[in-house]
Each structure stands twice: as structure tokens, then as C-alpha cells.
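This is entry_13.cif. It holds mmCIF, C-alpha atoms.
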```cif
data_data
loop_
_atom_site.label_atom_id
_atom_site.label_comp_id
_atom_site.auth_asym_id
_atom_site.auth_seq_id
_atom_site.Cartn_x
_atom_site.Cartn_y
_atom_site.Cartn_z
CA MET A 1 75.81 105.36 103.24
CA LEU A 2 75.02 104.02 106.69
CA ARG A 3 76.11 100.60 105.57
CA ALA A 4 79.30 102.03 104.15
CA SER A 5 80.11 104.00 107.26
CA LEU A 6 79.36 101.03 109.45
CA ALA A 7 81.60 98.93 107.28
CA ARG A 8 84.39 101.48 107.50
CA ALA A 9 84.06 101.55 111.26
CA SER A 10 84.19 97.79 111.22
CA ALA A 11 87.31 97.84 109.09
CA SER A 12 89.08 100.11 111.52
CA LEU A 13 88.33 97.64 114.26
CA GLY A 14 89.70 94.80 112.23
CA LEU A 15 86.34 93.04 112.13
CA MET A 16 86.05 91.95 108.59
CA LEU A 17 83.92 90.67 105.78
CA LEU A 18 80.87 92.73 106.53
CA GLY A 19 78.37 91.79 103.88
CA ALA A 20 74.59 91.73 103.90
CA CYS A 21 74.90 90.16 107.33
CA ALA A 22 76.67 92.28 109.90
CA ALA A 23 78.27 89.36 111.72
CA PRO A 24 82.04 89.79 111.82
CA ARG A 25 84.11 86.84 110.65
CA PRO A 26 87.20 86.69 112.83
CA ALA A 27 88.75 84.07 110.54
CA VAL A 28 89.76 86.77 108.09
CA ALA A 29 90.35 89.55 110.57
CA ASP A 30 94.09 89.10 110.04
CA VAL A 31 93.92 90.25 106.44
CA GLY A 32 91.50 93.14 106.84
CA LEU A 33 89.13 92.19 104.05
CA ARG A 34 85.49 93.16 103.72
CA ALA A 35 82.75 92.90 101.15
CA VAL A 36 80.86 95.99 99.98
CA ARG A 37 77.56 96.22 98.19
CA SER A 38 75.14 98.93 97.16
CA ASP A 39 71.38 98.96 96.75
CA ARG A 40 71.99 101.19 93.74
CA ALA A 41 73.98 98.50 91.96
CA PRO A 42 72.42 95.23 90.74
CA ALA A 43 72.40 92.23 93.06
CA ALA A 44 75.09 89.67 92.27
CA ILE A 45 74.04 86.95 89.84
CA GLY A 46 76.54 84.44 91.23
CA PRO A 47 78.69 83.71 94.30
CA TYR A 48 80.63 86.99 94.29
CA SER A 49 80.60 90.30 96.13
CA PRO A 50 80.17 93.53 94.14
CA GLY A 51 83.34 94.78 95.76
CA ILE A 52 86.05 93.76 98.23
CA VAL A 53 88.04 96.25 100.25
CA SER A 54 91.48 95.41 101.51
CA GLY A 55 94.60 97.38 102.28
CA GLY A 56 93.39 100.70 100.94
CA PHE A 57 92.23 99.24 97.65
CA LEU A 58 88.76 98.41 96.40
CA PHE A 59 88.47 95.52 93.94
CA LEU A 60 85.23 95.67 91.98
CA SER A 61 83.51 92.80 90.27
CA GLY A 62 82.79 93.23 86.61
CA GLN A 63 79.57 95.16 86.02
CA ILE A 64 77.26 94.66 83.09
CA ALA A 65 74.30 96.88 82.25
CA LEU A 66 71.81 95.36 84.68
CA ASP A 67 69.09 97.67 85.98
CA PRO A 68 69.46 97.64 89.79
CA ALA A 69 65.68 97.82 90.19
CA THR A 70 64.71 94.94 87.90
CA GLY A 71 67.90 92.93 87.56
CA ALA A 72 67.32 92.88 83.80
CA LEU A 73 69.72 94.04 81.13
CA VAL A 74 68.87 97.59 80.04
CA SER A 75 67.71 97.95 76.49
CA GLY A 76 69.90 99.85 74.09
CA ASP A 77 73.18 99.81 72.26
CA ALA A 78 76.75 99.61 73.50
CA ALA A 79 76.71 103.28 74.56
CA ALA A 80 73.60 102.79 76.70
CA GLN A 81 74.99 99.61 78.19
CA THR A 82 78.34 101.24 78.92
CA ARG A 83 76.55 104.08 80.72
CA ARG A 84 74.58 101.69 82.92
CA ALA A 85 77.61 99.51 83.68
CA LEU A 86 79.56 102.62 84.74
CA GLU A 87 76.71 103.88 86.92
CA ASN A 88 76.65 100.47 88.60
CA LEU A 89 80.38 100.78 89.23
CA ARG A 90 79.85 104.31 90.60
CA ALA A 91 77.37 102.93 93.15
CA VAL A 92 79.79 100.25 94.35
CA LEU A 93 82.64 102.76 94.43
CA ALA A 94 80.51 105.11 96.55
CA ALA A 95 79.70 102.30 98.99
CA ALA A 96 83.41 102.19 99.80
CA GLY A 97 83.87 105.97 99.85
CA CYS A 98 85.35 106.16 96.34
CA ARG A 99 84.56 108.25 93.30
CA PRO A 100 85.46 107.57 89.65
CA GLU A 101 88.60 109.72 90.02
CA HIS A 102 89.95 107.16 92.50
CA VAL A 103 89.93 104.34 89.94
CA VAL A 104 93.42 103.09 89.21
CA LYS A 105 92.82 100.46 86.53
CA THR A 106 89.94 99.03 84.57
CA THR A 107 89.40 96.11 82.25
CA VAL A 108 86.78 96.46 79.51
CA PHE A 109 85.35 93.30 77.98
CA LEU A 110 83.50 93.96 74.74
CA LEU A 111 81.31 91.55 72.85
CA ASP A 112 82.25 93.34 69.64
CA MET A 113 85.38 95.41 69.13
CA ASP A 114 83.40 97.50 66.66
CA ASP A 115 81.79 99.04 69.78
CA PHE A 116 85.18 100.41 70.84
CA ALA A 117 84.52 104.02 69.80
CA ALA A 118 80.97 104.12 71.18
CA MET A 119 82.14 102.67 74.49
CA ASN A 120 85.07 105.09 74.64
CA GLU A 121 82.83 108.10 74.21
CA VAL A 122 80.68 107.25 77.22
CA TYR A 123 83.56 105.81 79.23
CA GLY A 124 85.82 108.81 78.62
CA ALA A 125 83.12 111.28 79.62
CA PHE A 126 82.41 109.31 82.78
CA PHE A 127 86.00 109.51 84.05
CA ALA A 128 87.08 112.83 82.49
CA PRO A 129 89.47 114.42 83.06
CA HIS A 130 90.80 111.33 84.82
CA LYS A 131 92.04 108.49 82.64
CA PRO A 132 92.57 105.25 84.56
CA ALA A 133 94.96 102.64 83.18
CA ARG A 134 92.93 100.24 81.07
CA SER A 135 92.95 97.08 79.00
CA THR A 136 90.24 96.29 76.47
CA VAL A 137 89.55 92.95 74.82
CA GLN A 138 86.81 91.39 72.77
CA VAL A 139 85.36 88.25 74.32
CA ALA A 140 83.15 85.54 72.87
CA ARG A 141 80.21 86.03 75.22
CA LEU A 142 79.28 87.85 78.42
CA PRO A 143 76.90 87.01 81.26
CA LYS A 144 73.27 87.80 80.34
CA ASP A 145 74.51 88.25 76.77
CA ALA A 146 75.58 91.79 77.62
CA ARG A 147 77.57 93.83 75.09
CA VAL A 148 80.06 95.20 77.63
CA GLU A 149 81.43 94.31 81.05
CA ILE A 150 83.74 96.59 83.04
CA GLU A 151 85.72 95.84 86.18
CA CYS A 152 88.09 98.11 88.09
CA VAL A 153 90.45 98.60 90.99
CA ALA A 154 90.28 101.80 93.02
CA ARG A 155 92.35 103.43 95.73
CA ILE A 156 90.27 104.41 98.75
CA PRO A 157 90.86 108.06 99.73
CA ARG A 158 91.99 108.75 103.25
CA MET B 159 108.77 90.66 94.49
CA GLN B 160 108.97 86.93 94.93
CA ALA B 161 107.77 83.99 92.87
CA VAL B 162 105.88 81.27 94.71
CA HIS B 163 105.86 77.63 93.75
CA SER B 164 103.83 74.63 94.84
CA ALA B 165 104.50 71.03 93.86
CA GLN B 166 100.82 70.39 94.53
CA ALA B 167 99.84 72.65 91.66
CA PRO B 168 100.69 71.86 88.03
CA ALA B 169 104.02 73.05 86.71
CA ALA B 170 103.79 76.13 84.51
CA ILE B 171 103.30 75.39 80.81
CA GLY B 172 104.94 78.64 79.75
CA PRO B 173 107.20 81.43 80.97
CA TYR B 174 105.17 82.40 84.02
CA SER B 175 105.24 81.82 87.76
CA GLN B 176 102.36 80.09 89.54
CA GLY B 177 102.15 83.18 91.66
CA ILE B 178 103.99 86.38 92.51
CA VAL B 179 104.07 87.98 95.93
CA SER B 180 104.55 91.72 96.15
CA GLY B 181 104.03 93.51 99.41
CA ASP B 182 101.17 91.74 101.11
CA LEU B 183 99.43 90.79 97.87
CA LEU B 184 99.61 87.52 95.97
CA PHE B 185 98.85 87.53 92.25
CA THR B 186 98.21 84.02 90.94
CA SER B 187 98.46 82.94 87.36
CA GLY B 188 95.35 81.56 85.74
CA GLN B 189 94.89 77.88 86.52
CA VAL B 190 93.34 75.35 84.20
CA ALA B 191 92.36 71.85 85.32
CA LEU B 192 95.73 70.20 84.95
CA ASP B 193 96.50 67.24 87.18
CA PRO B 194 99.64 68.25 89.11
CA ALA B 195 100.96 64.69 88.89
CA SER B 196 100.52 64.06 85.18
CA GLY B 197 100.29 67.58 83.79
CA ALA B 198 97.28 66.47 81.75
CA LEU B 199 93.82 67.98 81.77
CA VAL B 200 91.57 66.06 84.17
CA PRO B 201 88.74 64.02 82.62
CA GLY B 202 85.15 65.16 83.01
CA GLY B 203 83.06 68.21 82.38
CA VAL B 204 83.10 71.76 83.65
CA LYS B 205 82.33 70.75 87.25
CA GLU B 206 85.28 68.36 87.42
CA GLN B 207 87.49 70.96 85.76
CA THR B 208 86.36 73.74 88.08
CA ALA B 209 87.00 71.53 91.12
CA ARG B 210 90.56 70.80 89.92
CA VAL B 211 91.21 74.46 89.13
CA MET B 212 90.13 75.45 92.63
CA GLU B 213 92.43 72.84 94.20
CA ASN B 214 95.31 74.05 92.06
CA LEU B 215 94.64 77.60 93.22
CA ARG B 216 94.42 76.40 96.82
CA ALA B 217 97.91 74.92 96.50
CA VAL B 218 99.39 78.15 95.11
CA LEU B 219 97.60 80.19 97.77
CA ALA B 220 98.97 77.89 100.48
CA ALA B 221 102.50 78.32 99.14
CA ALA B 222 102.17 82.01 100.00
CA GLY B 223 100.48 81.38 103.35
CA CYS B 224 96.99 82.18 102.05
CA LYS B 225 93.69 80.38 102.29
CA PRO B 226 90.66 80.77 99.99
CA GLU B 227 89.11 83.26 102.42
CA HIS B 228 92.01 85.63 101.71
CA VAL B 229 91.12 85.96 98.04
CA LEU B 230 90.02 89.48 97.06
CA LYS B 231 89.24 89.18 93.38
CA THR B 232 89.05 86.49 90.74
CA THR B 233 88.59 86.40 87.00
CA VAL B 234 86.80 83.41 85.50
CA PHE B 235 87.39 82.63 81.83
CA LEU B 236 84.83 80.17 80.47
CA LEU B 237 84.90 78.40 77.13
CA ASP B 238 81.10 78.36 77.18
CA MET B 239 78.87 80.76 79.13
CA ASN B 240 76.33 77.93 79.36
CA ASP B 241 78.69 76.48 82.00
CA PHE B 242 78.06 79.54 84.22
CA ALA B 243 75.69 77.79 86.68
CA ALA B 244 77.73 74.58 86.92
CA MET B 245 80.93 76.55 87.51
CA ASN B 246 79.17 78.72 90.12
CA GLU B 247 78.09 75.66 92.06
CA ILE B 248 81.64 74.34 92.54
CA TYR B 249 83.22 77.79 92.79
CA GLY B 250 80.69 79.05 95.35
CA ALA B 251 81.08 75.98 97.56
CA PHE B 252 84.86 76.32 97.47
CA PHE B 253 84.86 79.87 98.82
CA ALA B 254 81.69 79.80 100.98
CA PRO B 255 80.82 81.76 102.97
CA HIS B 256 83.36 84.13 101.44
CA LYS B 257 82.54 85.74 98.09
CA PRO B 258 85.50 87.42 96.41
CA ALA B 259 84.86 90.13 93.83
CA ARG B 260 84.75 88.51 90.40
CA SER B 261 84.43 89.03 86.68
CA THR B 262 83.35 86.25 84.33
CA VAL B 263 83.70 86.18 80.55
CA GLN B 264 83.50 83.63 77.76
CA VAL B 265 86.66 83.47 75.67
CA ALA B 266 87.42 82.00 72.27
CA ARG B 267 89.84 79.33 73.47
CA LEU B 268 91.88 78.39 76.54
CA PRO B 269 95.29 76.74 76.97
CA LYS B 270 95.12 72.93 76.64
CA ASP B 271 91.58 73.47 75.33
CA ALA B 272 90.36 73.65 78.91
CA ARG B 273 86.74 74.63 79.63
CA VAL B 274 87.60 77.01 82.48
CA GLU B 275 90.53 79.10 83.68
CA ILE B 276 90.57 81.08 86.92
CA GLU B 277 93.09 83.62 88.25
CA CYS B 278 93.00 85.52 91.53
CA VAL B 279 94.49 88.20 93.75
CA ALA B 280 94.82 87.47 97.46
CA ARG B 281 95.88 89.34 100.55
CA ILE B 282 98.57 87.62 102.56
CA PRO B 283 97.70 87.41 106.27
CA ALA B 284 100.00 89.22 108.64
#
```

Take the structure in the file and give it back as C-alpha cells.
Amino acid sequence: MLRASLARASASLGLMLLGACAAPRPAVADVGLRAVRSDRAPAAIGPYSPGIVSGGFLFLSGQIALDPATGALVSGDAAAQTRRALENLRAVLAAAGCRPEHVVKTTVFLLDMDDFAAMNEVYGAFFAPHKPARSTVQVARLPKDARVEIECVARIPR
Amino acid sequence: MQAVHSAQAPAAIGPYSQGIVSGDLLFTSGQVALDPASGALVPGGVKEQTARVMENLRAVLAAAGCKPEHVLKTTVFLLDMNDFAAMNEIYGAFFAPHKPARSTVQVARLPKDARVEIECVARIPA
């Protein structure tokens, strides 16, 4: 929360791209863009930020069911993985002052479209009664051989 | 809403714009590793393809007044998830020290049988 509030303060000053390091990067000050992260979401497994805030919107990287503590994929079926992926998204949302009800659009990448109903059950309960716009596709493979990956865009409340 | 075009990026191979500007956001189409001059896929493996894709994106970004550091979010479509590390190496160096939000998936097939396709959303500087 401290990090998030510091980052918000930074944003209001136009000092951007506050990541793990607090050094402002004036080069992007003109676009008002900053990275957000959360200790309650897994560390990135590549050169990306868990979230980027700009212009009142939060763009979240796709989350798979990595345990934030271990960095390993949680055991379990599509429902269990969907739950963990959504909790990871919740942590990144919170780091930017958002809740699930502020999510505008999601994309769900499934390893197997036969998991559609199981994913929907967990996903629907997570957002209910809100229903963000959404696209769902089956892909050939996901990072860490996960069964589901979910990304979203959220509007930051004023 | 305004379409953007760069001669330094490959011509579209279908009914899409290289990028669309709306408000202060730029939405780019997915780029595969087409040589802007020949329109053919560049030779080499995933590293060579990723490098070409990034340069194609740079050209479209520039046509809207953006630089790589203005990119908010990307989506990486890989033909083979085993290319994840090699793609990351080129991709990370292109954006460093910036790290846009990103999702990566392996798909069944890409246009022109490319190994990698990348799209992005960028914020246009004031």
C-alpha cells in the first residue's frame, strides 16, 4: 500500500515509471506512465511489469496460477488455477487502487476449451455481479505449461 | 480516430491499418518479421524474427510520435513456447529499462508461418 500510495503521489507529480527502484525517469514524464507491482502477486518471469498505469487506465500483464511465495505453478485443475490467476490479478489491481469491479475488459487464454465451464464458474464468482467485457480463446501452450492465463484492463477510480 | 502508416514498416497483408490512433492512445496491429522492403519473412530463427518485429513496431510507433518507452502493454504470440527465453532476450533489450505490461501465449499458427507476432498499445506523448 505504501508503494502504491507513493506511486500515486509520483504520478500526480508527473514523475513516472516508478518500479522496484524509486528513481523517476524523466524521459517518459510526458506520457504519465508508471509500472506497478505487488508483493502479493508473483514476480515477473520475463522483461515485463505486472501492470502499467497511464491516463486513468491500468493495463495488467497476463497472470497464470503462480504462487507468489514460491513462484511455482499451483497444483490443481483449471478451477484452482483460475482462482489463483484471479487472486494474482486482484493483488496487482489493488497496487494501483483498483478492485475487480473496476475491470473493463479481460482476455482469457485457455489451454483446453473444455475447461470453459470450470473457468467460468470461478471467474464469474470472482467478478459478480460485475461482468467485464471478455474474449476467450484456446491457445496451444502457455508459459510454465499453465492451463489458464488471464489479462485485463481496468479503470482507476478517482 | 486516425490510421497511421509507416513506409519503414511492412505494408499490411490484409484489411487492417498498421496502427490506429484514438485520443492519446495508439493501438498497433500485430507485427510479424516481414522485411519492409521485400514484404518477405526475414531469414533466421526466433531472435532474428523478434528483432525485425521490434523494428517494425518502432516504425509504426514513430509514425504516431511514440518511442518504445511509451508502450503500455504488449501481447506476444509465439509459435513455440520453447522460444520464450530467446524472444525475451531481444524483446527485453529493445525496451530496457522500460518493461511494458505483457501477455505471452503459444498459438497454433501465425500469418506467413512466422515464429513470433507482437502487438502493442502505446500512449502518445503530449

Discussion item. Running the PyMOL selection byres ((chain A) within 6 of (chain B)) on this model by hand, what would come out? Give it as a list in words.
Written reply: Asp30, Val31, Pro47, Tyr48, Ser49, Pro50, Gly51, Ile52, Leu60, Ser61, Gly62, Val139, Ala140, Arg141 and Leu142 of chain A

Discussion item. Residue by residue, what does the PyMOL selection byres ((chain B and resi 174) around 12) grab here? Present the result as a ChimeraX atom specification.
Written reply: /B:161-163,169-173,175-178,185-189

Fill in: Nearest-residue call for B:Glu277, choices B:Ala165, B:Ala221, B:Met159, B:Arg216, using all atoms listed in the file
B:Arg216

Practice prompt. Return as a list in words the set of residues that the PyMOL selection byres ((chain B and resi 200-206) around 8) yields on the displayed structure.
Written response: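 What the PyMOL selection byres ((chain B and resi 200-206) around 8) grabs from the file is Ala191, Leu192, Asp193, Ala198, Leu199, Gln207, Thr208, Ala209, Arg210, Asp241, Ala244, Met245, Ile248, Arg273 and Val274 of chain B.
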
How would the residues just picked look written out with C-alpha atoms as a short mmCIF file (atom, residue, chain, number, x, y, z; two decimals), in the coordinates of the input?
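The resulting file, result38.cif, is reproduced below:
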```
data_model
loop_
_atom_site.label_atom_id
_atom_site.label_comp_id
_atom_site.auth_asym_id
_atom_site.auth_seq_id
_atom_site.Cartn_x
_atom_site.Cartn_y
_atom_site.Cartn_z
CA ALA B 191 92.36 71.85 85.32
CA LEU B 192 95.73 70.20 84.95
CA ASP B 193 96.50 67.24 87.18
CA ALA B 198 97.28 66.47 81.75
CA LEU B 199 93.82 67.98 81.77
CA GLN B 207 87.49 70.96 85.76
CA THR B 208 86.36 73.74 88.08
CA ALA B 209 87.00 71.53 91.12
CA ARG B 210 90.56 70.80 89.92
CA ASP B 241 78.69 76.48 82.00
CA ALA B 244 77.73 74.58 86.92
CA MET B 245 80.93 76.55 87.51
CA ILE B 248 81.64 74.34 92.54
CA ARG B 273 86.74 74.63 79.63
CA VAL B 274 87.60 77.01 82.48
#
```

Fill in: Best match for closeness to A:Ala125 among A:Thr106, A:Ser54, A:Thr82, A:Asn88, counting all atoms listed in the file
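Selected residue with least distance to A:Ala125: A:Thr82.
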
Fill in: Two-atom distance - atom CA of A:Phe57, atom CA of A:Glu87 (Å)
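Atom CA of A:Glu87 lies 19.4 Å from atom CA of A:Phe57.
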
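Here atom CA of A:Phe116 and atom CA of B:Val234 stand 22.5 Å from one another.
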
Worksheet entry | Between atom CA of A:Ala96 and atom CA of A:Val53, distance in Å (one decimal) |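 Those two atoms sit 7.5 Å apart.
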
Contacts of A:Arg99 within 10 Å, all atoms listed in the file, excl. fewer than 4 positions in-chain, as a CSV table (one decimal) with C-alpha atoms, in the coordinates of the input:
```
chain,number,residue,atom,x,y,z
A,89,LEU,CA,80.4,100.8,89.2
A,90,ARG,CA,79.8,104.3,90.6
A,91,ALA,CA,77.4,102.9,93.2
A,92,VAL,CA,79.8,100.2,94.4
A,93,LEU,CA,82.6,102.8,94.4
A,94,ALA,CA,80.5,105.1,96.6
A,95,ALA,CA,79.7,102.3,99.0
A,103,VAL,CA,89.9,104.3,89.9
A,127,PHE,CA,86.0,109.5,84.0
A,154,ALA,CA,90.3,101.8,93.0
A,155,ARG,CA,92.4,103.4,95.7
A,156,ILE,CA,90.3,104.4,98.8
A,157,PRO,CA,90.9,108.1,99.7
```

Fill in: Nearest candidate to A:Val104 (options A:Ser135, A:Gln63, A:Asn120, A:Ser38; using only C-alpha atoms)
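Counting only C-alpha atoms, the residue closest to A:Val104 is A:Ser135.
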
Item to complete: Kindly extract all protein, DNA and RNA residues lying within 7 Å of the coordinates (88.6, 93.3, 79.8) given in the file, considering all atoms listed in the file, and supply them as a VMD selection string.
Response: chain A and resid 107 to 109 135 to 137 150

Please enclose the listed atoms of stretch 182-190 of chain B in an axis-aligned box, pad each side by 6 Å, and write out the centre and the three edge lengths in Å, rounded to one decimal, as lines of an AutoDock Vina configuration file.
```
center_x = 97.3
center_y = 83.5
center_z = 92.7
size_x = 19.8
size_y = 28.4
size_z = 28.9
```

Item to complete: May I ask which of the residues A:Gly46, A:Asp114, A:Phe59, A:Asp39 is the closest one to B:Cys278, counting all atoms listed in the file?
Response: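 Using all atoms listed in the file, the shortest distance to B:Cys278 belongs to A:Phe59.
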
Worksheet item: Using only C-alpha atoms, which of the listed residues (B:Gln166, B:Ser196, B:Gln160, B:Asn214) sits closest to B:Ser180?
Response: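 Among B:Gln166, B:Ser196, B:Gln160, B:Asn214, it is B:Gln160 that comes nearest to B:Ser180.
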
Discussion item. Considering all atoms listed in the file, can you say which of B:Ala195, B:Leu268, B:Ala222, B:Leu215 comes closest to B:Val179?
Written reply: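 Closest candidate: B:Ala222.
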